Amino acid sequence: MRRPVADVVAVVTAFVTFFPIYWMVLSALKPAGEIQSLDARPWTLAPTFEHFQRVLTGENFSRYFLNSLFVALTVVVLSALVAFLAAVAVTRFTFRFRTTVLIMFLVAQMVPVEALTIPLFFLIRDLGTAVPGVGLNTLGALVLVHLAFSLPFAIWMMRGFVAAVPEALEEAAMIDGAGRATILWRVIFPLVAPGLVATSVFSFITAWNDFIFARTFIISAKDNQTLPAALLVFFKPDENDWGGIMAASTLMTIPVLIFFIAVQRRLIAGLGGAIKD
Amino acid sequence: MTQAGRTRTPWLYLLPTVAVLAPLFGYPIYMLGLLSVFDYRQAQVSGGEPTTFIGFGNYATLFGDPRFWSILGQTVVFAAVLVIVTLAVGAALAVVLTRAGHWPRLLLSLAAMAAWAAPAMTGSTVWMFLFDADLGLVNQVLGIDGFNWFYDRWVTFGVVGATVVWHSFPLVMVMLFAGIQAIPVSVREAAALDGASEWQSFWRIIVPMLRPLITIVVIQSIIWDFKIFTQIYVMTNGGGIAGQNSVLNVYAYQTAFGSSEYGLGSAIGVVMTLILLVVTLFYIRALHRTGEKL
């Protein structure tokens with residue numbers, strides 16, 4: 001393949017790949033009349049925020065947005081701390097069952113999480129009667145399940161970042177009289193912080209994109225609904241409100257996009273570490 | 001540090017992980033298996049009837065149901081096609097990336113990144129809008145107003161599949177691109193000097209050298225594509241007309257929460273888990289082959 005050919009293929013594919021995102025944002029900005037038009041144009045001369053306004057003011061959407069943000073950020077912070085400790089344990093120590101533990105983290109990643117909604121539904125229902133705040137219809141329940149489902153991958157990915165920290169640094173700190181805790185939080189933690197951020201993207205996405213758990217656990221508490229379920233409100237049996245759907249979809253995509261772009265370099269380095277280090 | 005301290009420390013660090021995963025991951029898996037051997041339906045959930053142990057009754061029902069076999073079949077076919085297409089697109093574009101100039105490469109990387117980052121949910125809604133019968137851009141461009149892409153089973157699978165590939169090819173592309181970049185330039189140059197065509201050097205040099213990486217990408221893709229849920233559920237409104245577009249994952253969910261057959265739904269979940277477990281064993285073996293230190 002000659003370079004000009006590759007250039008053309010790359011540019012055309014980039015265009016095609018990006019087009020759905022462009023179309024989503026464009027349609028969100030189009031006046032209702034243009035969306036209903038049978039002669040769709042790939043531009044608009046009269047951009048409007050009417051769909052965004054309708055979405056954000058009606059149907060509790062901003063509430064759902066904050067709910068999603070709360071769940072995702074809580075999961076990110078908790079998952080980062082827990083995964084960091086576990087990653088240190090499996091990279092810096094040799095102990096019995098270490099390999100078994102690692103393989104279990106790997107196997108956990110393949111479990112069809114959707115099928116686990118069945119037992120989890122009953123577990124969360126029973127948990128809710130014992131502990132307030134984590135039962136059905138609560139955001140706490142969503143935090144718990146997403147924390148559990150994001151951990152195995154987060155640990156697996158963090159492993160690469162922790163392994164990259166030279167052990168000599170820890171030895172030097174130990175000679176200087178630093179204890180285990182100091183080494184952990186003052187030496188290793190700052191050094192793997194960038195990796196922790198990259199890993200966080202995946203925890204964030206697991207929680208942010210969730211559709212099935214929100215749908216299954218949040219049954220009657222309208223106030224505790226999250227974004228994906230809220231998006232479905234705009235689907236109507238006779239005529240879908242496409243302007244509203246596209247505006248809501250845009251609002252749901254933007255945080256992930258920002259997160260992704262901010263950490264993209266480390267992301268790819270981290271994936272290399274997670275998959276083959 | 002004392003010897004006892006050294007052996008206790010790692011477990012101390014693993015304690016939070018165990019505290020989260022044992023009740024919220026391990027126990028539900030155990031419970032999934034347990035539910036699958038009980039007659040557990042709406043009547044039992046509400047306490048109207050006692051829960052009875054029925055052994056492999058749910059599995060017998062399942063394996064005797066032609067619908068289960070047809071859904072299992074289409075799940076396998078759908079996943080297989082997705083894996084092949086994702087891999088072909090991802091590999092082709094990885095090669096394109098190595099050849100393209102700086103700006104086209106950056107452009108494609110950014111576009112792929114955007115498709116990758118888009119939540120499965122919003123990707124589904126946008127593609128639904130693009131393929132809408134009346135207002136969709138695709139029908140207007142093709143001049144087939146009113147054609148319903150979500151009516152015929154295989155056409156529907158095609159649109160949903162395209163959405164999934166759009167979402168998943170970027171990761172494959174990025175990983176294979178990184179792999180190709182790691183092959184010494186001299187090797188590729190030597191092949192070019194010896195008169196190898198692009199096609200030949202791809203199949204004779206890149207593929208053999210990247211075999212371990214490709215194996216891992218393939219198995220990862222199998223695991224993901226076998227578990228597709230959101231796209232099917234959202235785009236076909238829970239499994240399509242009369243559930244014709246159901247895959248195992250959606251089928252398990254619908255059986256449990258749609259028909260309140262929690263025991264039977266769990267049995268489907270167990271079957272899925274066992275199939276994926278076998279795939280994972282191959283994955284672990286592949287990881288070992290690449291020299292991964294566990």
# chains A, B, ... in the order shown; residues from 1 in each chain; ligands from 1
call {"tool": "closest_atom_pairs", "arguments": {"of": "chain B", "to": "chain A", "cutoff": "7 Å", "atoms": "only C-alpha atoms", "output": "Markdown table"}}
result
| residue | atom | partner | partner_atom | distance |
| --- | --- | --- | --- | --- |
| B:Thr7 | CA | A:Phe95 | CA | 6.3 |
| B:Pro10 | CA | A:Ala89 | CA | 4.5 |
| B:Tyr13 | CA | A:Leu85 | CA | 5.0 |
| B:Leu14 | CA | A:Ala86 | CA | 4.9 |
| B:Pro16 | CA | A:Val82 | CA | 6.0 |
| B:Thr17 | CA | A:Val82 | CA | 6.0 |
| B:Val20 | CA | A:Ala148 | CA | 6.0 |
| B:Leu21 | CA | A:Ala148 | CA | 5.7 |
| B:Leu24 | CA | A:Ala148 | CA | 6.1 |
| B:Phe25 | CA | A:Ala148 | CA | 6.4 |
| B:Pro28 | CA | A:Pro119 | CA | 5.4 |
| B:Ile29 | CA | A:Leu116 | CA | 6.8 |
| B:Met31 | CA | A:Pro119 | CA | 5.9 |
| B:Leu32 | CA | A:Pro119 | CA | 5.6 |
| B:Val96 | CA | A:Ala6 | CA | 5.3 |
| B:Arg99 | CA | A:Arg3 | CA | 5.7 |
| B:Ala100 | CA | A:Asp7 | CA | 4.8 |
| B:Gly101 | CA | A:Asp7 | CA | 6.3 |
| B:Pro104 | CA | A:Val11 | CA | 5.4 |
| B:Arg105 | CA | A:Ala10 | CA | 6.5 |
| B:Leu107 | CA | A:Ala14 | CA | 6.1 |
| B:Leu108 | CA | A:Ala14 | CA | 4.3 |
| B:Ala111 | CA | A:Phe18 | CA | 5.0 |
| B:Ala112 | CA | A:Thr17 | CA | 6.5 |
| B:Ala114 | CA | A:Leu257 | CA | 6.6 |
| B:Ala115 | CA | A:Thr17 | CA | 6.7 |
| B:Ala117 | CA | A:Leu257 | CA | 5.8 |
| B:Ala118 | CA | A:Thr253 | CA | 5.7 |
| B:Pro119 | CA | A:Asn209 | CA | 5.5 |
| B:Ala120 | CA | A:Asn209 | CA | 6.9 |
| B:Met121 | CA | A:Pro228 | CA | 6.7 |
| B:Thr122 | CA | A:Ser249 | CA | 5.1 |
| B:Val126 | CA | A:Met24 | CA | 6.0 |
| B:Leu135 | CA | A:Leu38 | CA | 6.2 |
| B:Leu137 | CA | A:Ala40 | CA | 6.5 |
| B:Glu198 | CA | A:Met1 | CA | 6.3 |
| B:Ile223 | CA | A:Met110 | CA | 6.3 |
| B:Lys227 | CA | A:Pro112 | CA | 6.2 |
| B:Asn249 | CA | A:Ala115 | CA | 6.5 |
| B:Ala252 | CA | A:Ala115 | CA | 6.4 |
| B:Tyr253 | CA | A:Ala115 | CA | 6.5 |
| B:Ala256 | CA | A:Ile118 | CA | 6.8 |
| B:Tyr262 | CA | A:Ile118 | CA | 6.8 |
| B:Ser266 | CA | A:Ile118 | CA | 6.8 |
| B:Gly269 | CA | A:Ala115 | CA | 5.0 |
| B:Thr273 | CA | A:Val111 | CA | 5.9 |
| B:Leu276 | CA | A:Met110 | CA | 6.5 |
| B:Thr280 | CA | A:Val107 | CA | 6.6 |
| B:Glu292 | CA | A:Lys276 | CA | 6.6 |
| B:Leu294 | CA | A:Thr99 | CA | 5.9 |
call {"tool": "write_last_selection", "arguments": {"atoms": "C-alpha atoms", "output": "PDB file, in the first residue's frame"}}
result
ATOM      1  CA  THR B   7       3.182 -13.201  54.885  1.00  0.00           C
ATOM      2  CA  PRO B  10      -0.242  -8.989  51.344  1.00  0.00           C
ATOM      3  CA  TYR B  13      -3.710  -5.312  51.411  1.00  0.00           C
ATOM      4  CA  LEU B  14      -6.084  -7.777  49.766  1.00  0.00           C
ATOM      5  CA  PRO B  16     -10.684  -4.652  51.087  1.00  0.00           C
ATOM      6  CA  THR B  17     -10.814  -6.497  47.752  1.00  0.00           C
ATOM      7  CA  VAL B  20     -16.042  -6.392  48.293  1.00  0.00           C
ATOM      8  CA  LEU B  21     -15.731  -9.371  45.966  1.00  0.00           C
ATOM      9  CA  LEU B  24     -20.913  -9.082  45.792  1.00  0.00           C
ATOM     10  CA  PHE B  25     -19.244 -11.326  43.246  1.00  0.00           C
ATOM     11  CA  PRO B  28     -23.990 -14.142  43.687  1.00  0.00           C
ATOM     12  CA  ILE B  29     -22.235 -16.699  41.476  1.00  0.00           C
ATOM     13  CA  MET B  31     -26.494 -18.157  44.351  1.00  0.00           C
ATOM     14  CA  LEU B  32     -26.914 -18.243  40.577  1.00  0.00           C
ATOM     15  CA  VAL B  96      -3.248   1.590   7.398  1.00  0.00           C
ATOM     16  CA  ARG B  99       1.477   3.586   6.517  1.00  0.00           C
ATOM     17  CA  ALA B 100      -0.414   6.844   6.875  1.00  0.00           C
ATOM     18  CA  GLY B 101       1.173  10.235   7.438  1.00  0.00           C
ATOM     19  CA  PRO B 104      -4.346  11.234   8.770  1.00  0.00           C
ATOM     20  CA  ARG B 105      -3.085   8.946  11.503  1.00  0.00           C
ATOM     21  CA  LEU B 107      -7.376  12.010  12.671  1.00  0.00           C
ATOM     22  CA  LEU B 108      -8.203   8.303  12.562  1.00  0.00           C
ATOM     23  CA  ALA B 111     -12.193   9.374  15.582  1.00  0.00           C
ATOM     24  CA  ALA B 112     -11.636   5.810  16.796  1.00  0.00           C
ATOM     25  CA  ALA B 114     -14.487   8.871  20.156  1.00  0.00           C
ATOM     26  CA  ALA B 115     -16.301   5.743  18.925  1.00  0.00           C
ATOM     27  CA  ALA B 117     -15.527   6.149  24.382  1.00  0.00           C
ATOM     28  CA  ALA B 118     -19.162   6.565  23.383  1.00  0.00           C
ATOM     29  CA  PRO B 119     -21.329   4.649  25.868  1.00  0.00           C
ATOM     30  CA  ALA B 120     -22.988   1.542  24.399  1.00  0.00           C
ATOM     31  CA  MET B 121     -26.297   3.136  25.241  1.00  0.00           C
ATOM     32  CA  THR B 122     -25.791   6.360  23.275  1.00  0.00           C
ATOM     33  CA  VAL B 126     -27.587   7.226  17.462  1.00  0.00           C
ATOM     34  CA  LEU B 135     -36.484  10.113   9.568  1.00  0.00           C
ATOM     35  CA  LEU B 137     -30.426   9.484   7.242  1.00  0.00           C
ATOM     36  CA  GLU B 198       2.084  -5.827   1.109  1.00  0.00           C
ATOM     37  CA  ILE B 223     -15.673 -13.010  25.510  1.00  0.00           C
ATOM     38  CA  LYS B 227     -21.927 -11.165  26.205  1.00  0.00           C
ATOM     39  CA  ASN B 249     -27.652 -12.862  27.857  1.00  0.00           C
ATOM     40  CA  ALA B 252     -31.605 -15.071  30.612  1.00  0.00           C
ATOM     41  CA  TYR B 253     -32.601 -11.588  31.714  1.00  0.00           C
ATOM     42  CA  ALA B 256     -36.042 -14.020  34.866  1.00  0.00           C
ATOM     43  CA  TYR B 262     -35.997 -16.810  38.079  1.00  0.00           C
ATOM     44  CA  SER B 266     -30.448 -18.649  36.375  1.00  0.00           C
ATOM     45  CA  GLY B 269     -26.875 -17.824  33.180  1.00  0.00           C
ATOM     46  CA  THR B 273     -20.881 -18.869  32.462  1.00  0.00           C
ATOM     47  CA  LEU B 276     -17.236 -18.522  28.871  1.00  0.00           C
ATOM     48  CA  THR B 280     -11.217 -18.234  29.509  1.00  0.00           C
ATOM     49  CA  GLU B 292       3.120 -13.608  31.007  1.00  0.00           C
ATOM     50  CA  LEU B 294       1.454 -14.610  36.825  1.00  0.00           C
TER      51      LEU B 294
END
call {"tool": "select_by_dssp", "arguments": {"residues": "region 16-76 of chain B", "states": "strand (DSSP E or B)", "output": "list of chain:residue names"}}
result
B:Phe38, B:Asp39, B:Arg41, B:Thr52, B:Phe53
call {"tool": "write_last_selection", "arguments": {"atoms": "C-alpha atoms", "output": "PDB file, in the first residue's frame"}}
result
ATOM      1  CA  PHE B  38     -34.846 -24.642  42.338  1.00  0.00           C
ATOM      2  CA  ASP B  39     -38.335 -24.023  41.080  1.00  0.00           C
ATOM      3  CA  ARG B  41     -40.975 -18.175  40.109  1.00  0.00           C
ATOM      4  CA  THR B  52     -38.823 -26.644  45.945  1.00  0.00           C
ATOM      5  CA  PHE B  53     -35.598 -28.295  44.916  1.00  0.00           C
TER       6      PHE B  53
END
call {"tool": "residues_around", "arguments": {"residues": "region 244-246 of chain B", "least_positions_apart": "6", "cutoff": "12 Å", "atoms": "only C-alpha atoms", "output": "PyMOL selection string"}}
result
chain B and resi 67-76+78+150-161+227-238+252-255
call {"tool": "atom_distance", "arguments": {"atom1": "CA of Leu73 (chain A)", "atom2": "CA of Val143 (chain A)"}}
result
9.3 Å
call {"tool": "select_by_dssp", "arguments": {"residues": "region 10-248 of chain A", "states": "alpha helix (DSSP H)", "output": "PyMOL selection string"}}
result
chain A and resi 10-29+32-36+50-57+61-92+98-108+117-130+139-163+167-175+180-182+189-208+212-217+227-231+242-248
call {"tool": "residues_around", "arguments": {"residues": "Pro47 (chain A)", "least_positions_apart": "2", "cutoff": "7 Å", "atoms": "only C-alpha atoms", "output": "list of chain:residue names"}}
result
A:Leu29, A:Lys30, A:Pro31, A:Thr44, A:Leu45
